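Source file: my_file_19.txt. Holds: compact mmCIF, C-alpha atoms.
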```txt
# COMPACT_ATOMS: atom_id res chain seq x y z
CA ILE A 140 -76.08 -96.81 -27.93
CA GLN A 141 -74.47 -97.00 -24.47
CA MET A 142 -71.99 -94.33 -25.48
CA ALA A 143 -74.84 -92.08 -26.73
CA ARG A 144 -76.61 -92.43 -23.37
CA GLN A 145 -73.45 -91.44 -21.49
CA THR A 146 -72.95 -88.43 -23.77
CA TYR A 147 -76.57 -87.36 -23.30
CA GLN A 148 -76.27 -87.66 -19.50
CA PHE A 149 -73.02 -85.71 -19.49
CA GLU A 150 -74.42 -82.87 -21.66
CA ASN A 151 -77.93 -82.61 -20.12
CA LYS A 152 -77.10 -83.58 -16.53
CA LYS A 153 -79.86 -86.22 -16.49
CA ALA A 154 -80.45 -89.69 -17.85
CA PHE A 155 -82.13 -90.26 -21.26
CA ALA A 156 -85.82 -90.97 -20.48
CA TYR A 157 -87.06 -91.81 -23.98
CA ASP A 158 -85.71 -95.28 -24.62
CA HIS A 159 -89.21 -96.48 -25.64
CA CYS A 160 -89.33 -93.77 -28.35
CA TRP A 161 -85.80 -94.55 -29.49
CA ALA A 162 -86.75 -98.23 -29.96
CA ILE A 163 -89.46 -97.18 -32.47
CA LEU A 164 -87.71 -94.29 -34.20
CA SER A 165 -84.35 -95.96 -34.62
CA GLU A 166 -85.86 -98.04 -37.44
CA CYS A 167 -87.28 -95.04 -39.36
CA PRO A 168 -85.07 -93.84 -42.22
CA LYS A 169 -85.84 -90.17 -41.60
CA TRP A 170 -84.56 -90.20 -38.02
CA ASN A 171 -81.75 -92.56 -38.89
CA ARG A 172 -80.47 -90.21 -41.61
CA ASP A 173 -80.84 -87.09 -39.44
CA TRP A 174 -78.87 -88.73 -36.62
CA GLU A 175 -76.11 -89.82 -38.99
CA THR A 176 -75.92 -86.30 -40.43
CA LYS A 177 -75.62 -84.73 -36.98
CA MET A 178 -73.02 -87.25 -35.96
CA ALA A 179 -71.01 -86.58 -39.11
CA LYS A 180 -70.98 -82.83 -38.40
CA SER A 181 -69.89 -83.26 -34.79
CA ARG A 182 -67.02 -85.67 -35.58
CA PRO A 183 -63.97 -84.92 -37.66
CA ALA A 184 -64.31 -86.24 -41.21
CA ARG A 185 -63.03 -89.72 -41.69
CA GLU A 186 -62.06 -91.28 -44.97
CA ASP A 187 -65.04 -93.69 -45.16
CA THR A 188 -67.50 -90.89 -44.30
CA ILE A 189 -66.08 -88.73 -47.08
CA GLN A 190 -66.44 -91.54 -49.58
CA ALA A 191 -70.06 -92.15 -48.53
CA SER A 192 -70.93 -88.45 -48.80
CA GLU A 193 -69.34 -88.19 -52.26
CA ALA A 194 -71.69 -90.86 -53.62
CA SER A 195 -74.80 -89.24 -55.05
CA PRO A 196 -78.19 -90.53 -53.90
CA GLY A 197 -79.29 -91.56 -57.40
CA ASP A 198 -76.22 -93.54 -58.46
CA GLY A 199 -76.84 -96.55 -56.24
CA GLY A 200 -73.62 -95.92 -54.25
CA SER A 201 -75.55 -95.13 -51.12
CA ASN A 202 -76.69 -97.96 -48.87
CA GLU A 203 -79.21 -95.73 -47.17
CA PRO A 204 -82.87 -96.62 -47.58
CA GLU A 205 -85.13 -94.19 -49.41
CA ARG A 206 -86.40 -91.39 -47.22
CA PRO A 207 -90.18 -91.39 -46.73
CA GLU A 208 -92.24 -88.70 -48.38
CA GLY A 209 -92.93 -85.64 -46.24
CA SER A 210 -96.41 -84.31 -45.53
CA LYS A 211 -95.99 -81.29 -47.83
CA LYS A 212 -94.98 -83.49 -50.74
CA ALA A 213 -97.80 -85.91 -49.98
CA LYS A 214 -100.32 -83.05 -49.93
CA GLU A 215 -98.92 -81.63 -53.18
CA LYS A 216 -99.04 -85.05 -54.79
CA LYS A 217 -102.64 -85.51 -53.64
CA ARG A 218 -103.58 -82.02 -54.89
CA LYS A 219 -102.03 -82.72 -58.29
CA SER A 220 -103.81 -86.06 -58.41
CA VAL A 221 -107.14 -84.39 -57.63
CA GLU A 222 -106.42 -81.70 -60.23
CA SER A 223 -105.57 -84.30 -62.88
CA VAL A 224 -108.75 -86.24 -62.04
CA GLN A 225 -110.72 -82.99 -62.31
CA LEU A 226 -109.06 -82.19 -65.65
CA MET A 227 -109.91 -85.65 -66.95
CA GLN A 228 -113.52 -85.28 -65.76
CA ASP A 229 -113.78 -81.88 -67.44
CA TYR A 230 -112.31 -83.32 -70.63
CA PHE A 231 -114.77 -86.21 -70.64
CA GLN A 232 -117.68 -83.86 -69.91
CA LYS A 233 -116.63 -81.74 -72.88
CA LEU A 234 -116.43 -84.86 -75.03
CA GLU A 235 -119.85 -85.98 -73.82
CA GLY A 236 -121.19 -82.50 -74.58
CA ARG A 237 -119.75 -82.65 -78.07
CA PHE A 238 -121.21 -86.13 -78.56
CA ASP A 239 -124.55 -84.86 -77.27
CA LEU A 240 -124.38 -82.02 -79.81
CA GLU A 241 -123.47 -84.49 -82.55
CA ASP A 242 -126.32 -86.76 -81.43
CA THR A 243 -128.70 -83.79 -81.46
CA ALA A 244 -127.49 -82.79 -84.92
CA THR A 245 -127.83 -86.38 -86.12
CA ASN A 246 -131.31 -86.64 -84.64
CA ASP A 247 -132.27 -83.33 -86.26
CA THR A 248 -130.91 -84.55 -89.59
CA LEU A 249 -132.81 -87.82 -89.23
CA GLU A 250 -136.01 -85.93 -88.38
CA LEU A 251 -135.59 -83.72 -91.45
CA ARG A 252 -134.96 -86.80 -93.59
CA ARG A 253 -138.08 -88.45 -92.13
CA GLN A 254 -140.13 -85.34 -92.90
CA GLU A 255 -138.76 -85.27 -96.46
CA LEU A 256 -139.65 -88.93 -96.93
CA GLU A 257 -143.14 -88.30 -95.54
CA ALA A 258 -143.61 -85.37 -97.93
CA THR A 259 -142.39 -87.53 -100.85
CA ARG A 260 -144.79 -90.32 -99.80
CA GLN A 261 -147.66 -87.86 -99.64
CA LYS A 262 -146.78 -86.50 -103.10
CA THR A 263 -146.58 -90.05 -104.45
CA ASP A 264 -149.95 -90.90 -102.89
CA ALA A 265 -151.47 -87.72 -104.34
CA THR A 266 -150.05 -88.52 -107.78
CA ARG A 267 -151.36 -92.09 -107.53
CA GLU A 268 -154.81 -90.84 -106.54
CA LYS A 269 -154.75 -88.31 -109.38
CA THR A 270 -153.75 -91.05 -111.83
CA GLU A 271 -156.51 -93.32 -110.53
CA ALA A 272 -159.01 -90.46 -110.87
CA ILE A 273 -157.91 -89.84 -114.48
CA LYS A 274 -158.18 -93.57 -115.23
CA GLU A 275 -161.68 -93.67 -113.73
CA ARG A 276 -162.73 -90.60 -115.72
CA ASN A 277 -161.38 -92.17 -118.93
CA ARG A 278 -163.15 -95.46 -118.11
CA ILE A 279 -166.42 -93.56 -117.61
CA LYS A 280 -165.94 -91.66 -120.89
CA LEU A 281 -165.18 -94.94 -122.68
CA TYR A 282 -168.30 -96.53 -121.15
CA GLU A 283 -170.42 -93.57 -122.24
CA MET A 284 -168.98 -93.73 -125.76
CA GLU A 285 -169.57 -97.49 -125.97
CA ALA A 286 -173.10 -97.00 -124.64
CA LYS A 287 -173.71 -94.47 -127.45
CA ILE A 288 -172.38 -96.99 -129.98
CA LEU A 289 -174.77 -99.64 -128.68
CA ALA A 290 -177.67 -97.16 -128.65
CA THR A 291 -177.11 -96.08 -132.25
CA ASP A 292 -179.99 -97.11 -134.54
CA LEU A 293 -178.55 -98.96 -137.54
CA ASP A 294 -181.72 -98.37 -139.60
CA GLY A 295 -180.84 -94.71 -140.05
CA LEU A 296 -177.39 -95.53 -141.48
CA THR A 297 -176.57 -96.59 -145.00
CA GLY A 298 -173.95 -98.78 -146.63
CA VAL A 299 -170.45 -98.65 -145.19
CA ALA A 300 -171.43 -96.56 -142.13
CA ARG A 301 -174.04 -99.13 -141.21
CA GLU A 302 -171.55 -102.02 -141.52
CA VAL A 303 -168.85 -100.19 -139.49
CA MET A 304 -171.35 -99.39 -136.72
CA ARG A 305 -172.66 -102.96 -136.64
CA ARG A 306 -169.11 -104.33 -136.20
CA ARG A 307 -168.43 -101.77 -133.45
CA GLN A 308 -171.60 -102.81 -131.66
CA GLU A 309 -170.53 -106.45 -131.82
CA GLU A 310 -167.06 -105.61 -130.45
CA VAL A 311 -168.52 -103.58 -127.56
CA THR A 312 -171.06 -106.30 -126.76
CA ALA A 313 -168.32 -108.99 -126.70
CA LYS A 314 -166.11 -106.78 -124.55
CA TRP A 315 -168.88 -106.13 -122.01
CA ALA A 316 -169.72 -109.82 -121.92
CA ARG A 317 -166.10 -110.60 -121.02
CA GLU A 318 -165.81 -107.80 -118.45
CA TYR A 319 -169.11 -108.41 -116.71
CA GLY A 320 -169.10 -112.18 -117.04
CA LEU A 321 -172.09 -112.37 -119.35
CA GLY A 322 -172.44 -115.16 -121.86
CA GLY A 323 -173.24 -114.58 -125.52
CA SER A 324 -173.51 -111.43 -127.54
CA SER A 325 -176.42 -109.57 -129.01
CA SER A 326 -176.17 -107.97 -132.38
CA GLY A 327 -178.42 -105.85 -134.43
CA MET A 328 -179.82 -103.34 -132.10
```

Encoded form (structure tokens):
Amino acid sequence: IQMARQTYQFENKKAFAYDHCWAILSECPKWNRDWETKMAKSRPAREDTIQASEASPGDGGSNEPERPEGSKKAKEKKRKSVESVQLMQDYFQKLEGRFDLEDTATNDTLELRRQELEATRQKTDATREKTEAIKERNRIKLYEMEAKILATDLDGLTGVAREVMRRRQEEVTAKWAREYGLGGSSSGM
């Protein structure tokens, strides 16, 4: 360092006034490397300098520390990082949109299925009501027919017809007694 100060004073005709800066920058790899490069150009090539320059930076032959990233590279790296984040966000938004469409389609399908089931239920209910109405109509017709059997006068009938009608009247009377909870049966009306 003393020799560098003497050289500086000889070349610039004044003393080096930036010792405080040199104390900080001497530890930085960027300035360290630049200084070594300048010194190598100003001096005649020595054998050990040639061997050090022949070693490529990636082969581990260099003892120099890694040079810090410059501001342009840092900005480019940041821009690429922001772009990749934006690409990922766009991709996920597209996926969400597709899932939303699939959800909408699924919901539409479910709604159609629900409407179909409701229509089927309504048809089933209508069929059940129709069946119940037919049963009620048949029950009423049967009641009317049985009432006619009971109202038939046996005195106007002869022989076999009279006996058949009397048995029918007994059957109807017994049936009504069971259905309506009446005791006994009346015959011979």

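For the pair atom CA of Gln308 of chain A and atom CA of Asp292 of chain A, the separation is 10.5 Å.
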
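Interatomic distance, atom CA of Leu164 of chain A to atom CA of Glu208 of chain A: 15.9 Å.
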
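Ranking A:Glu255, A:Val311, A:Val303, A:Asp294 by their shortest atom-to-atom distance to Leu281 of chain A, with only C-alpha atoms included, puts A:Val311 first.
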
request  = State, in Å with one decimal place, the distance from atom CA of Ile279 of chain A to atom CA of Thr291 of chain A.
outcome  = 18.3 Å

task = Between A:Glu271, A:Thr312, A:Thr245, A:Thr266, single out the one closest to Ala286 of chain A, counting only C-alpha atoms.
result = A:Thr312

task = Using only C-alpha atoms, give me every residue within 12 Å of (-77.0, -97.9, -29.2) in file coordinates, as number ranges by chain.
result = A: 140-146, 158, 161-162, 165, 174

Just-selected residues, C-alpha atoms written as an mmCIF file, keeping the file's coordinate frame:
```cif
data_model
loop_
_atom_site.group_PDB
_atom_site.id
_atom_site.type_symbol
_atom_site.label_atom_id
_atom_site.label_comp_id
_atom_site.auth_asym_id
_atom_site.auth_seq_id
_atom_site.Cartn_x
_atom_site.Cartn_y
_atom_site.Cartn_z
ATOM 1 C CA ILE A 140 -76.080 -96.810 -27.930
ATOM 2 C CA GLN A 141 -74.470 -97.000 -24.470
ATOM 3 C CA MET A 142 -71.990 -94.330 -25.480
ATOM 4 C CA ALA A 143 -74.840 -92.080 -26.730
ATOM 5 C CA ARG A 144 -76.610 -92.430 -23.370
ATOM 6 C CA GLN A 145 -73.450 -91.440 -21.490
ATOM 7 C CA THR A 146 -72.950 -88.430 -23.770
ATOM 8 C CA ASP A 158 -85.710 -95.280 -24.620
ATOM 9 C CA TRP A 161 -85.800 -94.550 -29.490
ATOM 10 C CA ALA A 162 -86.750 -98.230 -29.960
ATOM 11 C CA SER A 165 -84.350 -95.960 -34.620
ATOM 12 C CA TRP A 174 -78.870 -88.730 -36.620
#
```

May I have the centre and edge lengths, in Å to one decimal, of an axis-aligned box around the listed atoms of segment 282-299 of chain A with 3 Å added to every side, as AutoDock Vina command-line options?
```
--center_x -175.0 --center_y -96.6 --center_z -133.9 --size_x 19.4 --size_y 12.1 --size_z 31.5
```
